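Here's upload.cif, which has mmCIF, C-alpha atoms and all ligand atoms:
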data_final
#
loop_
_atom_site.label_atom_id
_atom_site.label_comp_id
_atom_site.auth_asym_id
_atom_site.auth_seq_id
_atom_site.Cartn_x
_atom_site.Cartn_y
_atom_site.Cartn_z
CA MET A 1 -22.71 -0.52 1.05
CA GLU A 2 -20.22 -1.85 3.58
CA PRO A 3 -16.64 -1.65 2.31
CA LEU A 4 -14.76 -4.87 1.69
CA LEU A 5 -11.94 -3.71 3.93
CA ASN A 6 -12.34 -1.27 6.78
CA VAL A 7 -9.25 -0.23 8.74
CA GLU A 8 -9.85 1.83 11.87
CA ASP A 9 -7.16 3.67 13.81
CA LEU A 10 -4.42 1.20 12.86
CA LYS A 11 -1.25 1.57 14.89
CA ILE A 12 2.04 -0.22 14.39
CA HIS A 13 4.70 0.80 16.90
CA PHE A 14 7.99 -1.08 17.08
CA PRO A 15 9.65 -1.15 20.50
CA ILE A 16 13.30 -0.10 20.75
CA LYS A 17 15.11 -2.40 23.17
CA LYS A 18 18.40 -1.70 24.90
CA GLY A 19 20.77 -3.31 27.37
CA LEU A 20 21.18 -6.83 28.67
CA LEU A 21 17.62 -6.92 29.93
CA ALA A 22 16.34 -5.65 26.61
CA ARG A 23 14.39 -2.88 28.27
CA THR A 24 12.04 -0.92 26.03
CA VAL A 25 13.48 2.59 25.79
CA GLY A 26 11.26 3.99 23.09
CA HIS A 27 9.14 3.22 20.06
CA VAL A 28 9.26 3.69 16.33
CA TYR A 29 5.83 5.10 15.52
CA ALA A 30 5.76 3.60 12.02
CA VAL A 31 1.97 3.76 11.63
CA ASP A 32 0.20 5.96 14.11
CA GLY A 33 -3.55 5.74 13.83
CA ILE A 34 -4.64 5.48 10.21
CA SER A 35 -8.16 4.73 9.04
CA LEU A 36 -9.11 3.77 5.52
CA THR A 37 -11.60 1.76 3.52
CA LEU A 38 -11.44 -0.28 0.34
CA GLY A 39 -14.52 -1.09 -1.71
CA ARG A 40 -15.04 -4.13 -3.92
CA GLY A 41 -13.25 -3.73 -7.23
CA GLU A 42 -11.73 -0.48 -6.04
CA THR A 43 -8.09 0.62 -6.12
CA LEU A 44 -6.73 2.67 -3.25
CA GLY A 45 -3.30 4.24 -3.54
CA ILE A 46 -1.18 4.89 -0.45
CA VAL A 47 1.55 7.37 -1.29
CA GLY A 48 4.33 9.20 0.49
CA GLU A 49 8.09 9.49 0.74
CA SER A 50 10.28 6.65 1.86
CA GLY A 51 9.91 6.20 5.63
CA CYS A 52 6.35 7.51 5.85
CA GLY A 53 5.00 4.14 6.99
CA LYS A 54 3.08 3.15 3.87
CA THR A 55 4.70 -0.28 3.41
CA THR A 56 4.37 -1.06 7.12
CA ALA A 57 0.70 -0.12 6.90
CA GLY A 58 0.22 -2.52 3.96
CA LEU A 59 1.95 -5.36 5.79
CA GLY A 60 -0.08 -4.65 8.91
CA ILE A 61 -3.38 -4.69 7.00
CA LEU A 62 -2.44 -8.12 5.64
CA ARG A 63 -1.39 -9.12 9.16
CA LEU A 64 2.06 -10.02 7.92
CA ILE A 65 3.38 -8.01 10.87
CA GLN A 66 1.99 -7.52 14.36
CA THR A 67 -0.23 -4.51 14.84
CA THR A 68 -0.20 -2.44 18.03
CA GLY A 69 -3.73 -1.10 17.95
CA GLY A 70 -6.80 -0.50 15.87
CA ARG A 71 -9.22 -2.76 14.04
CA ILE A 72 -9.24 -4.39 10.61
CA HIS A 73 -12.55 -5.63 9.24
CA PHE A 74 -12.53 -7.76 6.10
CA ASP A 75 -15.81 -8.64 4.43
CA GLY A 76 -17.69 -7.79 7.62
CA ARG A 77 -15.43 -9.86 9.93
CA ASP A 78 -13.04 -8.44 12.47
CA ILE A 79 -9.74 -10.06 11.50
CA THR A 80 -7.61 -8.17 14.00
CA THR A 81 -7.70 -10.87 16.62
CA VAL A 82 -8.52 -14.09 14.75
CA ASP A 83 -6.13 -16.89 15.64
CA ARG A 84 -3.51 -18.23 13.24
CA SER A 85 -5.46 -21.28 12.04
CA ARG A 86 -8.56 -19.25 11.22
CA PHE A 87 -6.48 -16.54 9.67
CA ARG A 88 -4.82 -19.11 7.39
CA ARG A 89 -8.15 -19.55 5.67
CA LEU A 90 -8.45 -15.79 5.30
CA ARG A 91 -4.88 -15.48 4.05
CA LYS A 92 -5.84 -16.77 0.62
CA GLU A 93 -8.25 -13.86 0.25
CA MET A 94 -5.53 -11.24 0.78
CA GLN A 95 -2.28 -11.46 -1.14
CA ILE A 96 0.72 -9.25 -1.84
CA ILE A 97 2.90 -8.33 -4.80
CA PHE A 98 6.34 -7.37 -3.56
CA GLN A 99 8.44 -4.50 -4.80
CA ASP A 100 11.53 -6.42 -5.76
CA PRO A 101 10.95 -9.20 -8.26
CA TYR A 102 14.61 -10.26 -7.82
CA SER A 103 14.55 -11.08 -4.12
CA SER A 104 10.89 -12.02 -3.69
CA LEU A 105 11.15 -15.23 -5.74
CA ASN A 106 13.05 -18.22 -4.39
CA PRO A 107 15.99 -18.72 -6.81
CA ARG A 108 16.05 -22.48 -6.14
CA MET A 109 12.46 -23.08 -7.19
CA THR A 110 11.04 -23.36 -10.67
CA VAL A 111 8.09 -21.16 -11.48
CA ASN A 112 5.87 -24.25 -11.39
CA ARG A 113 6.84 -24.78 -7.76
CA ILE A 114 6.63 -21.09 -6.87
CA LEU A 115 3.03 -21.06 -8.08
CA GLY A 116 2.18 -24.61 -7.00
CA ASP A 117 3.35 -24.48 -3.39
CA PRO A 118 0.67 -22.04 -2.13
CA MET A 119 -2.00 -24.29 -3.71
CA GLU A 120 -0.44 -27.30 -2.01
CA ILE A 121 -0.39 -25.56 1.38
CA HIS A 122 -4.03 -24.54 1.08
CA GLY A 123 -5.14 -27.86 -0.44
CA LEU A 124 -6.40 -26.24 -3.63
CA TYR A 125 -6.39 -27.46 -7.23
CA PRO A 126 -5.34 -31.08 -6.61
CA GLY A 127 -3.91 -33.43 -9.24
CA ARG A 128 -4.05 -32.35 -12.86
CA GLN A 129 -5.98 -29.21 -11.97
CA ARG A 130 -2.84 -27.70 -10.45
CA ALA A 131 -0.82 -27.83 -13.67
CA GLU A 132 -3.80 -26.45 -15.56
CA ARG A 133 -4.20 -23.66 -13.06
CA ILE A 134 -0.51 -22.74 -13.29
CA ALA A 135 -0.63 -22.72 -17.10
CA PHE A 136 -3.78 -20.56 -16.96
CA LEU A 137 -2.18 -18.03 -14.62
CA LEU A 138 1.04 -17.83 -16.63
CA GLU A 139 -0.94 -17.06 -19.74
CA LYS A 140 -2.99 -14.46 -17.90
CA VAL A 141 0.16 -12.56 -16.89
CA GLY A 142 1.59 -12.67 -20.39
CA LEU A 143 3.91 -15.68 -20.04
CA SER A 144 3.54 -19.16 -21.47
CA PRO A 145 3.12 -22.54 -19.71
CA GLU A 146 6.68 -23.45 -20.83
CA HIS A 147 7.99 -20.69 -18.56
CA GLY A 148 6.86 -22.80 -15.62
CA ARG A 149 9.94 -25.03 -15.96
CA ARG A 150 12.36 -22.13 -15.65
CA TYR A 151 14.06 -20.62 -12.60
CA PRO A 152 13.73 -16.94 -11.64
CA HIS A 153 17.26 -16.03 -12.85
CA GLU A 154 16.24 -17.02 -16.38
CA PHE A 155 13.76 -14.13 -16.58
CA SER A 156 14.04 -10.40 -17.13
CA GLY A 157 12.90 -8.02 -14.35
CA GLY A 158 9.52 -7.44 -16.00
CA GLN A 159 8.95 -11.17 -16.50
CA ARG A 160 9.87 -11.85 -12.88
CA GLN A 161 7.30 -9.33 -11.73
CA ARG A 162 4.75 -11.11 -13.94
CA VAL A 163 5.61 -14.31 -12.06
CA GLY A 164 5.19 -12.38 -8.77
CA ILE A 165 1.75 -11.24 -9.92
CA ALA A 166 0.79 -14.78 -10.96
CA ARG A 167 1.87 -16.01 -7.52
CA ALA A 168 -0.36 -13.41 -5.86
CA LEU A 169 -3.29 -14.76 -7.89
CA THR A 170 -2.74 -18.48 -7.29
CA LEU A 171 -5.25 -18.67 -4.44
CA ASP A 172 -7.96 -16.57 -6.11
CA PRO A 173 -7.68 -13.60 -3.74
CA THR A 174 -10.15 -10.77 -3.31
CA VAL A 175 -7.67 -8.13 -2.16
CA VAL A 176 -4.15 -7.67 -3.52
CA VAL A 177 -1.68 -5.26 -1.95
CA GLY A 178 0.97 -4.07 -4.40
CA ASP A 179 4.00 -2.80 -2.51
CA GLU A 180 5.70 -0.50 -5.02
CA PRO A 181 4.91 -3.08 -7.71
CA VAL A 182 6.67 -1.27 -10.55
CA SER A 183 9.30 0.91 -8.89
CA ALA A 184 12.14 -1.62 -9.38
CA LEU A 185 11.41 -1.92 -13.10
CA ASP A 186 12.62 -0.01 -16.15
CA VAL A 187 10.32 2.86 -17.05
CA SER A 188 9.57 1.16 -20.37
CA ILE A 189 8.27 -1.92 -18.54
CA GLN A 190 6.32 -0.06 -15.84
CA ALA A 191 3.41 0.85 -18.11
CA GLN A 192 3.08 -2.77 -19.28
CA ILE A 193 2.85 -4.03 -15.71
CA ILE A 194 0.37 -1.32 -14.70
CA ASN A 195 -1.81 -2.18 -17.71
CA LEU A 196 -1.57 -5.85 -16.78
CA LEU A 197 -2.73 -5.07 -13.23
CA ILE A 198 -5.68 -3.10 -14.58
CA ASP A 199 -6.68 -5.94 -16.94
CA LEU A 200 -6.39 -8.56 -14.18
CA GLN A 201 -8.46 -6.41 -11.83
CA LYS A 202 -11.32 -6.33 -14.33
CA GLU A 203 -11.11 -10.04 -15.12
CA PHE A 204 -10.79 -11.33 -11.54
CA ARG A 205 -12.76 -8.53 -9.83
CA LEU A 206 -9.86 -7.70 -7.56
CA SER A 207 -9.58 -4.87 -5.07
CA TYR A 208 -6.14 -3.29 -4.92
CA ILE A 209 -4.15 -1.31 -2.42
CA ILE A 210 -1.23 0.12 -4.38
CA ILE A 211 1.62 1.47 -2.26
CA ALA A 212 3.90 3.86 -4.14
CA HIS A 213 6.18 6.84 -3.79
CA ASP A 214 5.65 7.66 -7.46
CA LEU A 215 2.46 9.67 -7.73
CA ALA A 216 2.34 9.21 -11.48
CA VAL A 217 1.87 5.44 -10.99
CA VAL A 218 -0.92 5.95 -8.51
CA GLU A 219 -2.73 8.50 -10.63
CA TYR A 220 -2.93 6.09 -13.51
CA ILE A 221 -4.36 3.14 -11.62
CA CYS A 222 -6.17 4.40 -8.48
CA ASP A 223 -9.74 5.42 -7.74
CA ARG A 224 -8.85 6.94 -4.38
CA VAL A 225 -5.62 8.08 -2.78
CA ALA A 226 -4.35 8.39 0.79
CA VAL A 227 -1.25 10.53 1.32
CA MET A 228 0.86 9.46 4.31
CA TYR A 229 3.41 11.46 6.26
CA LEU A 230 5.25 10.13 9.28
CA GLY A 231 2.79 7.38 10.11
CA LYS A 232 -0.37 9.38 9.52
CA ILE A 233 -2.74 10.06 6.65
CA VAL A 234 -2.62 13.78 5.91
CA GLU A 235 -4.97 13.87 2.93
CA THR A 236 -7.34 11.41 1.31
CA GLY A 237 -9.85 11.63 -1.48
CA THR A 238 -10.70 10.46 -4.95
CA TYR A 239 -7.78 10.66 -7.31
CA ARG A 240 -9.45 13.66 -8.95
CA GLN A 241 -9.83 15.49 -5.64
CA VAL A 242 -6.26 14.83 -4.59
CA TYR A 243 -4.59 15.35 -7.97
CA ARG A 244 -6.70 18.20 -9.35
CA ASP A 245 -7.26 20.06 -6.09
CA PRO A 246 -4.58 19.04 -3.59
CA LYS A 247 -5.03 20.83 -0.27
CA HIS A 248 -2.33 19.69 2.15
CA PRO A 249 1.02 21.48 1.63
CA TYR A 250 2.75 18.08 1.64
CA THR A 251 0.50 16.71 -1.12
CA ARG A 252 1.06 19.89 -3.12
CA ALA A 253 4.81 19.52 -2.75
CA LEU A 254 4.73 15.87 -3.85
CA LEU A 255 2.56 16.66 -6.83
CA SER A 256 4.68 19.61 -7.88
CA ALA A 257 7.51 17.15 -8.54
CA VAL A 258 5.44 15.08 -10.98
CA PRO A 259 5.98 16.23 -14.58
CA VAL A 260 2.60 16.50 -16.32
CA PRO A 261 1.94 17.55 -19.90
CA ASP A 262 -1.18 19.45 -18.88
CA PRO A 263 -0.99 23.24 -19.24
CA GLY A 264 -4.04 23.56 -16.97
CA ARG A 265 -2.11 22.31 -13.97
CA ARG A 266 0.18 24.32 -11.76
CA SER A 267 3.79 23.54 -12.48
CA ARG A 268 5.58 25.55 -9.76
CA ARG A 269 7.92 23.12 -8.07
CA VAL A 270 7.81 23.14 -4.26
CA ILE A 271 11.12 21.99 -2.83
CA LEU A 272 10.75 20.51 0.63
CA LYS A 273 13.63 21.25 2.98
CA GLY A 274 15.23 18.37 4.88
CA ASP A 275 14.28 14.73 5.16
CA VAL A 276 11.30 13.04 6.75
CA PRO A 277 11.92 13.38 10.53
CA SER A 278 12.53 10.31 12.66
CA PRO A 279 9.39 8.35 13.55
CA ILE A 280 11.04 7.66 16.93
CA GLN A 281 10.57 11.26 18.03
CA PRO A 282 8.08 12.87 15.68
CA PRO A 283 7.96 16.68 15.78
CA SER A 284 5.46 18.29 18.13
CA GLY A 285 2.14 19.54 16.81
CA CYS A 286 1.67 18.96 13.10
CA HIS A 287 4.39 16.45 12.19
CA PHE A 288 4.97 18.28 8.93
CA HIS A 289 5.60 21.70 10.49
CA PRO A 290 9.45 21.70 10.34
CA ARG A 291 9.26 21.34 6.53
CA CYS A 292 6.01 23.14 5.80
CA PRO A 293 6.31 26.29 3.68
CA GLU A 294 2.97 27.51 5.07
CA ARG A 295 3.30 26.78 8.79
CA MET A 296 1.66 29.09 11.30
CA ASP A 297 2.17 29.69 15.02
CA VAL A 298 -0.32 27.03 16.02
CA CYS A 299 1.32 24.34 13.91
CA ASN A 300 4.10 23.35 16.31
CA ARG A 301 1.76 23.27 19.30
CA ARG A 302 -1.34 21.49 18.07
CA ARG A 303 -1.84 18.50 15.82
CA PRO A 304 -4.54 18.90 13.18
CA ARG A 305 -7.11 16.17 12.69
CA LEU A 306 -8.34 14.85 9.36
CA ALA A 307 -11.40 16.95 8.56
CA GLN A 308 -13.75 16.72 5.63
CA GLN A 309 -13.46 19.41 2.94
CA GLU A 310 -16.05 17.96 0.62
CA GLU A 311 -17.60 14.51 0.35
CA GLY A 312 -14.79 11.96 0.39
CA HIS A 313 -12.01 14.58 0.57
CA GLU A 314 -10.32 14.87 3.98
CA VAL A 315 -7.29 16.93 4.98
CA SER A 316 -5.43 17.39 8.25
CA CYS A 317 -4.14 20.94 8.16
CA PHE A 318 -4.97 24.14 10.06
CA LEU A 319 -5.23 26.02 6.78
CA TYR A 320 -8.60 24.31 6.32
CA SER A 321 -9.86 23.30 9.74
CA GLU A 322 -9.22 24.05 13.38
CA GLN A 323 -10.00 20.53 14.53
CA ILE A 324 -7.21 19.06 16.63
CA GLU A 325 -6.27 15.54 17.61
CA GLU A 326 -7.29 14.91 21.17
CA ASP A 327 -3.87 13.81 22.42
CA SER A 328 -1.99 16.70 20.81
CA GLY A 329 -1.70 18.64 24.04
FE1 LIG B 1 1.64 23.22 7.40
FE2 LIG B 1 0.44 23.96 9.65
FE3 LIG B 1 -0.95 22.74 7.74
FE4 LIG B 1 0.84 21.39 9.18
S1 LIG B 1 -1.04 22.31 9.94
S2 LIG B 1 0.57 21.30 6.99
S3 LIG B 1 2.43 22.94 9.45
S4 LIG B 1 0.02 24.74 7.62
#
Here is a file; write its structure as structure tokens.
Ligand code: SF4
Amino acid sequence: MEPLLNVEDLKIHFPIKKGLLARTVGHVYAVDGISLTLGRGETLGIVGESGCGKTTAGLGILRLIQTTGGRIHFDGRDITTVDRSRFRRLRKEMQIIFQDPYSSLNPRMTVNRILGDPMEIHGLYPGRQRAERIAFLLEKVGLSPEHGRRYPHEFSGGQRQRVGIARALTLDPTVVVGDEPVSALDVSIQAQIINLLIDLQKEFRLSYIIIAHDLAVVEYICDRVAVMYLGKIVETGTYRQVYRDPKHPYTRALLSAVPVPDPGRRSRRVILKGDVPSPIQPPSGCHFHPRCPERMDVCNRRRPRLAQQEEGHEVSCFLYSEQIEEDSG
């Protein structure tokens, strides 16, 4: 069956301008050729350290920022080049939950307005239906219709994120991108919000892309996972494949930092040296080679390509495949 969302070779490069003439002197290769799919009712996790390009990828897929290359197909339609007016109709199908429930809600608007404005813009739920819809959504996210009269500062962090989730649902979307949807919340609240997202997914038949640096969050909610490093996907598979049998040294290092009460799992912590390199001048060959505990001679000369290990499980690493990216020199 054709996936609901099909992203092919997505690139998002930001030009670096300098001087009076604003000449382009380089690029930030934030997302550098990623491909992924999302099925109906499925949850895909995109994970990686800060600066790996995962949030930029999410914004690009929703066309909230300009993409440089690649194709995005949604429900069989190529949405990469549709004009603004046609895309406005598609916009309601694809919504986002932002990371920070403090800054993502307008402090001067009541919750009724925060939820009502998108319906107004799209001409949905006119008249009395709008108030009914808002009350319905507030109840679905664990708030009450009375909360609609309040302003964002009158809520706790967890309640604000519930409002953010309700806002994402106002237009009856099919796909929701959660950009670190629980990372700004207390640990005690995180599980409640994750459970809420799971319940809403079942009830509204949503497809999720969950962007997170916390692999524990992703493991709990996702069907499949894509691990990103410096603008590229380095491993992807079902959550079982990636969590139970991680192949890429970067995935193994990330997972080794997640505390798990499972004696069957390896617990040796892999400490990665240094920070994620600059996406302006990514390292030669395999981008991970300066930090990789298992690098070989070939790794700084050639760039490995994602290659299938078993059905649905792909890894880009010379430990498993000799396939190289064509432009890797
Ligand atoms: Fe490490 Fe080489 Fe594999 Fe890159 S290709 S992850 S440097 S072993």
**Item:** Shell of 9 Å around ligand LIG 1 (chain B) (only C-alpha atoms and all ligand atoms), written as number ranges by chain
**Value:** A: 234, 248-250, 285-300, 302-304, 316-321
**Prompt:** Counting all atoms listed in the file, which of A:Phe98, A:Tyr29, A:Phe14, A:Phe74 gets nearest to A:Ser183?
**Reply:** A:Phe98
With all atoms listed in the file counted and 12 Å as the cut-off, give the residues of stretch 95-132 of chain A in contact with stretch 35-57 of chain A, each with its shortest interatomic distance in Å and the pair that gives it, as CSV.
residue,atom,partner,partner_atom,distance
A:Ile96,CA,A:Thr55,CA,11.1
A:Ile97,CA,A:Thr55,CA,11.6
A:Phe98,CA,A:Thr55,CA,10.1
A:Gln99,CA,A:Thr55,CA,10.0
**Asked** What is the atom CA of A:His122 to atom CA of A:Ile134 distance in Å?
**Response** 14.9 Å
**Request:** Find the residue from A:Lys18, A:Lys273, A:Lys247, A:Arg91 that sits nearest to A:Gln308; use all atoms listed in the file when measuring.
**Result:**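 Selected residue with least distance to A:Gln308: A:Lys247.
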Give me, as a Markdown table, the closest atom pair and its distance (Å, one decimal) for every residue of stretch 105-167 of chain A within a cut-off of 9 Å of stretch 193-214 of chain A, counting all atoms listed in the file, rows sorted by chain and rising number.
| residue | atom | partner | partner_atom | distance |
| --- | --- | --- | --- | --- |
| A:Lys140 | CA | A:Leu200 | CA | 7.8 |
| A:Val141 | CA | A:Leu196 | CA | 6.9 |
| A:Gly142 | CA | A:Leu196 | CA | 8.3 |
| A:Gly158 | CA | A:Ile193 | CA | 7.5 |
| A:Gln161 | CA | A:Ile193 | CA | 8.0 |
| A:Arg162 | CA | A:Ile193 | CA | 7.5 |
| A:Ile165 | CA | A:Leu197 | CA | 8.3 |
**Item:** Counting all atoms listed in the file, the residue of A:Val176, A:Ala307, A:Leu138, A:Val182 that sits nearest A:Gly157
**Value:**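 The answer is A:Val182, which sits nearest to A:Gly157.
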**Prompt:** Nearest to A:Leu230 among A:Leu64, A:Met94, A:Val276, A:Ala135, with distances taken over only C-alpha atoms: which residue is it?
**Reply:**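 Between A:Leu64, A:Met94, A:Val276, A:Ala135, the residue approaching A:Leu230 most closely is A:Val276.
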**Prompt:** So what do you get for atom CA of A:Glu314 versus atom CA of A:Gln281, distance-wise?
**Reply:**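 Computing it gives 25.4 Å between the two atoms.
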**Prompt:** Please, what distance in Å, to one decimal, runs between atom CA of A:Pro282 and atom CA of A:Val28?
**Reply:**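 A separation of 9.3 Å between them.
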**Message:** Using all atoms listed in the file, which protein or nucleic acid residues come within 8 Å of A:Met109? Drop anything in the same chain fewer than 4 positions from it, and give the result as a ChimeraX atom specification.
**Reply:** /A:113-114,151-152
**Neighbours of point (-4.2, -26.0, -15.2) within 12 Å, using only C-alpha atoms, written as an NGL selection string** = :A and (112 or 115-116 or 119 or 124-140 or 145 or 148 or 170)
Around the point (0.5, 12.8, -1.7) (coordinates from the file), which residues reach within 8 Å if we count only C-alpha atoms? Answer as a PDB file with C-alpha atoms, in the coordinates of the input.
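The resulting file, out35.pdb, is reproduced below:
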ATOM      1  CA  VAL A  47       1.550   7.370  -1.290  1.00  0.00           C
ATOM      2  CA  GLY A  48       4.330   9.200   0.490  1.00  0.00           C
ATOM      3  CA  LEU A 215       2.460   9.670  -7.730  1.00  0.00           C
ATOM      4  CA  VAL A 225      -5.620   8.080  -2.780  1.00  0.00           C
ATOM      5  CA  ALA A 226      -4.350   8.390   0.790  1.00  0.00           C
ATOM      6  CA  VAL A 227      -1.250  10.530   1.320  1.00  0.00           C
ATOM      7  CA  MET A 228       0.860   9.460   4.310  1.00  0.00           C
ATOM      8  CA  GLU A 235      -4.970  13.870   2.930  1.00  0.00           C
ATOM      9  CA  VAL A 242      -6.260  14.830  -4.590  1.00  0.00           C
ATOM     10  CA  TYR A 250       2.750  18.080   1.640  1.00  0.00           C
ATOM     11  CA  THR A 251       0.500  16.710  -1.120  1.00  0.00           C
ATOM     12  CA  ARG A 252       1.060  19.890  -3.120  1.00  0.00           C
ATOM     13  CA  LEU A 254       4.730  15.870  -3.850  1.00  0.00           C
ATOM     14  CA  LEU A 255       2.560  16.660  -6.830  1.00  0.00           C
TER      15      LEU A 255
END
Using the file's own x, y and z axes, what box holds all listed atoms of stretch 41-49 of chain A with 4 Å on each side, keeping edges along x, y and z, and what are its centre and edge lengths in Å to one decimal, as lines of an AutoDock Vina configuration file?
center_x = -2.6
center_y = 2.9
center_z = -3.2
size_x = 29.3
size_y = 21.2
size_z = 16.0
**Item:** 12 Å contact set for A:Thr24, only C-alpha atoms, chain neighbours under 5 positions out, as a PyMOL selection string
**Value:** chain A and resi 13-19
**Prompt:** Using all atoms listed in the file, which of A:Val7, A:Ala253, A:Ser104, A:Ile280 sits nearest A:Val25?
**Reply:**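 Of the candidates, the smallest distance to A:Val25 is held by A:Ile280.
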**Asked** Nearest to A:Pro118: which of A:Pro181, A:Pro173, A:Gly76, A:Gly70 is it, counting only C-alpha atoms?
**Response**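 Going through A:Pro181, A:Pro173, A:Gly76, A:Gly70 one by one, the smallest distance to A:Pro118 is for A:Pro173.
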